Amino acid sequence: KSILELEEELGIEIFGRHGKRLKRVTEPGEHVLKSIDIILREVNNLKRIGEQYSNQDSGTLSIATTHTQARYVLPEPVAKLRQTYPKVNLSMHQGTPDQVARMLIEEVAEIGMATESLANYPELVTLPCYEWQHVLVMPKNHPLAGVKQITLERLQEHPLVTYHPSFTGRSRIDQAFAHQGLTPQIALEAIDSDVIKTYVSLGMGVGVVAEMAVQDGLSEALISRPAGQLFGTNTARVAFKRGSYLRHFVLEFAQMLSNRLSRELVLKALEGRHTDYEL
């Protein structure tokens, strides 16, 4: 009944029908749905504005991210935010980069962080946070352990233990081998760097992991070698839903993630000024 009343008021059909059943969205209906999305987004922004000024130092910050970011990058800024705003609750949602993007678009989370995919969604504003490279992890007695300059050709001769194709720069690894006309021996794929290191220690192959995963050191049985010269540099990005209103502690958390992400820069990007020279 409400749909019929809306259609009558607008003078258009939003849905095509077969009898009483709604079969499809009409062309004018597509435009109506886009306007409804904007209206609902602004309703959520109104709620956030109210929360900001009625409870300035409290609320919930929902973060969507991948395992690598949650495990190795976010602990320090999360702890710092909690110390600065003890009344702010934090909710961490982990998933694939595409799932991180969907959680932002559907407003399950306010801020997202990942390496892949985020920049591919026009509904999101993304900003570079930091660069990182891959490293090779292997047992100390591995044949490559004593090789000074490890090449892709030499690496191809050994089984690899690395990330699932949708995670943590795996596309860079595949592209590097493909560019040289090589096919790597992938023995195991995982989404968790700690899992990769565990199976490397069991002798399943050479691990290819993010450098953040070895920053706290390795077990005595393993060594690491830089692999940036093989696979290039990756960029971790933070993302927000385009047009969203960010509470002050969300902006402050962004600054805690990287000194590049000033409050002014994030706000400019959200206003659609991401082509500014400063950005």
# chains A, B, ... in the order shown; residues from 1 in each chain; ligands from 1
$ select_by_dssp --residues "range 147-225 of chain A" --states "alpha helix (DSSP H)" --output "PyMOL selection string"
chain A and resi 152-156+170-179+193-201
$ write_last_selection --atoms "N, CA and C atoms" --output "compact mmCIF listing (two decimals), in the first residue's frame"
# COMPACT_ATOMS: atom_id res chain seq x y z
N LEU A 152 63.30 -14.92 -9.00
CA LEU A 152 62.04 -15.63 -9.19
C LEU A 152 62.28 -17.00 -9.80
N GLU A 153 63.30 -17.10 -10.66
CA GLU A 153 63.61 -18.40 -11.27
C GLU A 153 64.02 -19.41 -10.20
N ARG A 154 64.86 -18.99 -9.26
CA ARG A 154 65.27 -19.89 -8.17
C ARG A 154 64.09 -20.19 -7.25
N LEU A 155 63.27 -19.18 -7.01
CA LEU A 155 62.13 -19.38 -6.10
C LEU A 155 61.11 -20.34 -6.70
N GLN A 156 60.99 -20.32 -8.02
CA GLN A 156 60.03 -21.18 -8.70
C GLN A 156 60.35 -22.66 -8.49
N ARG A 170 48.64 -10.74 -2.54
CA ARG A 170 48.89 -11.96 -3.32
C ARG A 170 48.89 -11.68 -4.82
N SER A 171 48.06 -10.74 -5.26
CA SER A 171 48.01 -10.43 -6.70
C SER A 171 49.37 -9.96 -7.21
N ARG A 172 50.13 -9.23 -6.37
CA ARG A 172 51.46 -8.77 -6.76
C ARG A 172 52.41 -9.96 -6.97
N ILE A 173 52.26 -10.97 -6.12
CA ILE A 173 53.10 -12.16 -6.25
C ILE A 173 52.81 -12.88 -7.56
N ASP A 174 51.53 -13.10 -7.84
CA ASP A 174 51.14 -13.78 -9.07
C ASP A 174 51.58 -12.99 -10.30
N GLN A 175 51.41 -11.67 -10.25
CA GLN A 175 51.78 -10.83 -11.40
C GLN A 175 53.28 -10.87 -11.67
N ALA A 176 54.08 -10.92 -10.60
CA ALA A 176 55.53 -10.94 -10.77
C ALA A 176 55.97 -12.21 -11.49
N PHE A 177 55.45 -13.34 -11.07
CA PHE A 177 55.79 -14.60 -11.74
C PHE A 177 55.27 -14.62 -13.18
N ALA A 178 54.03 -14.17 -13.39
CA ALA A 178 53.45 -14.18 -14.73
C ALA A 178 54.24 -13.28 -15.68
N HIS A 179 54.72 -12.15 -15.17
CA HIS A 179 55.48 -11.22 -16.00
C HIS A 179 56.76 -11.86 -16.53
N SER A 193 48.96 -15.02 8.48
CA SER A 193 50.42 -15.08 8.40
C SER A 193 51.01 -16.06 9.38
N ASP A 194 50.42 -16.16 10.57
CA ASP A 194 50.93 -17.10 11.57
C ASP A 194 50.77 -18.54 11.11
N VAL A 195 49.66 -18.82 10.41
CA VAL A 195 49.46 -20.15 9.85
C VAL A 195 50.53 -20.45 8.80
N ILE A 196 50.81 -19.47 7.95
CA ILE A 196 51.85 -19.65 6.93
C ILE A 196 53.19 -19.97 7.59
N LYS A 197 53.57 -19.21 8.60
CA LYS A 197 54.86 -19.43 9.27
C LYS A 197 54.90 -20.80 9.94
N THR A 198 53.77 -21.24 10.48
CA THR A 198 53.72 -22.57 11.12
C THR A 198 54.02 -23.67 10.11
N TYR A 199 53.42 -23.58 8.93
CA TYR A 199 53.62 -24.64 7.94
C TYR A 199 55.00 -24.54 7.29
N VAL A 200 55.56 -23.36 7.23
CA VAL A 200 56.94 -23.22 6.76
C VAL A 200 57.88 -23.93 7.73
N SER A 201 57.64 -23.76 9.02
CA SER A 201 58.50 -24.40 10.03
C SER A 201 58.40 -25.91 9.98
$ residues_around --residues "Gly228 in chain A" --least-positions-apart "2" --cutoff "6 Å" --atoms "only C-alpha atoms" --output "PyMOL selection string"
chain A and resi 133-134+226+230-232
$ atom_distance --atom1 "CA of Ala221 in chain A" --atom2 "CA of Met204 in chain A"
13.7 Å
$ residues_around --residues "Tyr245 in chain A" --least-positions-apart "2" --cutoff "10 Å" --atoms "only C-alpha atoms" --output "list of chain:residue names"
A:Arg41, A:Glu42, A:Asn44, A:Asn45, A:Leu46, A:Lys47, A:Arg48, A:Ile49, A:Glu110, A:Phe240, A:Lys241, A:Arg242, A:Gly243, A:Arg247, A:His248, A:Val250, A:Leu267, A:Leu270
$ write_last_selection --atoms "N, CA, C and O atoms" --output "PDB file, in the first residue's frame"
ATOM      1  N   ARG A  41      21.292   7.445   4.133  1.00  0.00           N
ATOM      2  CA  ARG A  41      22.641   7.783   4.573  1.00  0.00           C
ATOM      3  C   ARG A  41      22.621   9.036   5.433  1.00  0.00           C
ATOM      4  O   ARG A  41      23.280   9.107   6.475  1.00  0.00           O
ATOM      5  N   GLU A  42      21.851  10.028   5.017  1.00  0.00           N
ATOM      6  CA  GLU A  42      21.791  11.269   5.785  1.00  0.00           C
ATOM      7  C   GLU A  42      21.072  11.077   7.115  1.00  0.00           C
ATOM      8  O   GLU A  42      21.400  11.739   8.103  1.00  0.00           O
ATOM      9  N   ASN A  44      21.376   8.374   8.912  1.00  0.00           N
ATOM     10  CA  ASN A  44      22.440   7.834   9.761  1.00  0.00           C
ATOM     11  C   ASN A  44      23.429   8.920  10.157  1.00  0.00           C
ATOM     12  O   ASN A  44      23.948   8.923  11.275  1.00  0.00           O
ATOM     13  N   ASN A  45      23.696   9.860   9.240  1.00  0.00           N
ATOM     14  CA  ASN A  45      24.585  10.969   9.591  1.00  0.00           C
ATOM     15  C   ASN A  45      23.995  11.827  10.700  1.00  0.00           C
ATOM     16  O   ASN A  45      24.693  12.278  11.602  1.00  0.00           O
ATOM     17  N   LEU A  46      22.671  12.054  10.647  1.00  0.00           N
ATOM     18  CA  LEU A  46      22.001  12.808  11.703  1.00  0.00           C
ATOM     19  C   LEU A  46      22.163  12.121  13.056  1.00  0.00           C
ATOM     20  O   LEU A  46      22.399  12.776  14.077  1.00  0.00           O
ATOM     21  N   LYS A  47      22.046  10.796  13.053  1.00  0.00           N
ATOM     22  CA  LYS A  47      22.215  10.047  14.307  1.00  0.00           C
ATOM     23  C   LYS A  47      23.626  10.234  14.847  1.00  0.00           C
ATOM     24  O   LYS A  47      23.831  10.429  16.048  1.00  0.00           O
ATOM     25  N   ARG A  48      24.621  10.190  13.935  1.00  0.00           N
ATOM     26  CA  ARG A  48      26.009  10.346  14.380  1.00  0.00           C
ATOM     27  C   ARG A  48      26.282  11.751  14.904  1.00  0.00           C
ATOM     28  O   ARG A  48      27.035  11.930  15.857  1.00  0.00           O
ATOM     29  N   ILE A  49      25.700  12.749  14.247  1.00  0.00           N
ATOM     30  CA  ILE A  49      25.856  14.120  14.733  1.00  0.00           C
ATOM     31  C   ILE A  49      25.280  14.243  16.142  1.00  0.00           C
ATOM     32  O   ILE A  49      25.883  14.851  17.030  1.00  0.00           O
ATOM     33  N   GLU A 110      32.475   1.872  10.230  1.00  0.00           N
ATOM     34  CA  GLU A 110      32.697   3.283   9.889  1.00  0.00           C
ATOM     35  C   GLU A 110      34.018   3.509   9.184  1.00  0.00           C
ATOM     36  O   GLU A 110      34.149   4.436   8.392  1.00  0.00           O
ATOM     37  N   PHE A 240      36.423   5.051   3.906  1.00  0.00           N
ATOM     38  CA  PHE A 240      35.189   5.507   4.549  1.00  0.00           C
ATOM     39  C   PHE A 240      34.096   5.506   3.493  1.00  0.00           C
ATOM     40  O   PHE A 240      34.368   5.642   2.300  1.00  0.00           O
ATOM     41  N   LYS A 241      32.857   5.388   3.932  1.00  0.00           N
ATOM     42  CA  LYS A 241      31.771   5.488   2.971  1.00  0.00           C
ATOM     43  C   LYS A 241      31.647   6.936   2.516  1.00  0.00           C
ATOM     44  O   LYS A 241      31.653   7.859   3.328  1.00  0.00           O
ATOM     45  N   ARG A 242      31.542   7.116   1.222  1.00  0.00           N
ATOM     46  CA  ARG A 242      31.455   8.462   0.650  1.00  0.00           C
ATOM     47  C   ARG A 242      30.232   9.201   1.206  1.00  0.00           C
ATOM     48  O   ARG A 242      29.137   8.645   1.266  1.00  0.00           O
ATOM     49  N   GLY A 243      30.430  10.440   1.640  1.00  0.00           N
ATOM     50  CA  GLY A 243      29.337  11.255   2.140  1.00  0.00           C
ATOM     51  C   GLY A 243      28.980  11.015   3.598  1.00  0.00           C
ATOM     52  O   GLY A 243      28.053  11.632   4.111  1.00  0.00           O
ATOM     53  N   ARG A 247      32.524  11.006  13.341  1.00  0.00           N
ATOM     54  CA  ARG A 247      32.652  11.596  14.668  1.00  0.00           C
ATOM     55  C   ARG A 247      34.115  11.906  14.963  1.00  0.00           C
ATOM     56  O   ARG A 247      35.009  11.363  14.329  1.00  0.00           O
ATOM     57  N   HIS A 248      34.350  12.795  15.924  1.00  0.00           N
ATOM     58  CA  HIS A 248      35.702  13.311  16.133  1.00  0.00           C
ATOM     59  C   HIS A 248      36.678  12.211  16.515  1.00  0.00           C
ATOM     60  O   HIS A 248      37.843  12.238  16.114  1.00  0.00           O
ATOM     61  N   VAL A 250      36.624   9.154  15.461  1.00  0.00           N
ATOM     62  CA  VAL A 250      36.945   8.391  14.248  1.00  0.00           C
ATOM     63  C   VAL A 250      38.062   9.099  13.485  1.00  0.00           C
ATOM     64  O   VAL A 250      39.016   8.480  13.019  1.00  0.00           O
ATOM     65  N   LEU A 267      38.772  15.023   5.867  1.00  0.00           N
ATOM     66  CA  LEU A 267      37.544  15.781   5.616  1.00  0.00           C
ATOM     67  C   LEU A 267      37.494  16.308   4.184  1.00  0.00           C
ATOM     68  O   LEU A 267      36.437  16.304   3.555  1.00  0.00           O
ATOM     69  N   LEU A 270      36.469  13.423   1.974  1.00  0.00           N
ATOM     70  CA  LEU A 270      35.048  13.099   2.117  1.00  0.00           C
ATOM     71  C   LEU A 270      34.163  14.137   1.430  1.00  0.00           C
ATOM     72  O   LEU A 270      33.042  13.830   1.018  1.00  0.00           O
TER      73      LEU A 270
END
$ residues_around --residues "Gln149 in chain A" --least-positions-apart "5" --cutoff "10 Å" --atoms "only C-alpha atoms" --output "ChimeraX atom specification"
/A:144,154,225,229
$ write_last_selection --atoms "N, CA and C atoms" --output "mmCIF file, in the first residue's frame"
data_model
loop_
_atom_site.group_PDB
_atom_site.id
_atom_site.type_symbol
_atom_site.label_atom_id
_atom_site.label_comp_id
_atom_site.auth_asym_id
_atom_site.auth_seq_id
_atom_site.Cartn_x
_atom_site.Cartn_y
_atom_site.Cartn_z
ATOM 1 N N LEU A 144 67.810 -22.210 -0.116
ATOM 2 C CA LEU A 144 67.883 -20.793 -0.489
ATOM 3 C C LEU A 144 68.440 -19.919 0.627
ATOM 4 N N ARG A 154 64.860 -18.987 -9.261
ATOM 5 C CA ARG A 154 65.272 -19.888 -8.165
ATOM 6 C C ARG A 154 64.090 -20.192 -7.250
ATOM 7 N N ARG A 225 64.048 -13.125 4.498
ATOM 8 C CA ARG A 225 64.811 -12.398 3.491
ATOM 9 C C ARG A 225 63.877 -11.388 2.822
ATOM 10 N N GLN A 229 62.271 -6.538 -3.930
ATOM 11 C CA GLN A 229 62.849 -6.490 -5.277
ATOM 12 C C GLN A 229 62.183 -7.492 -6.206
#
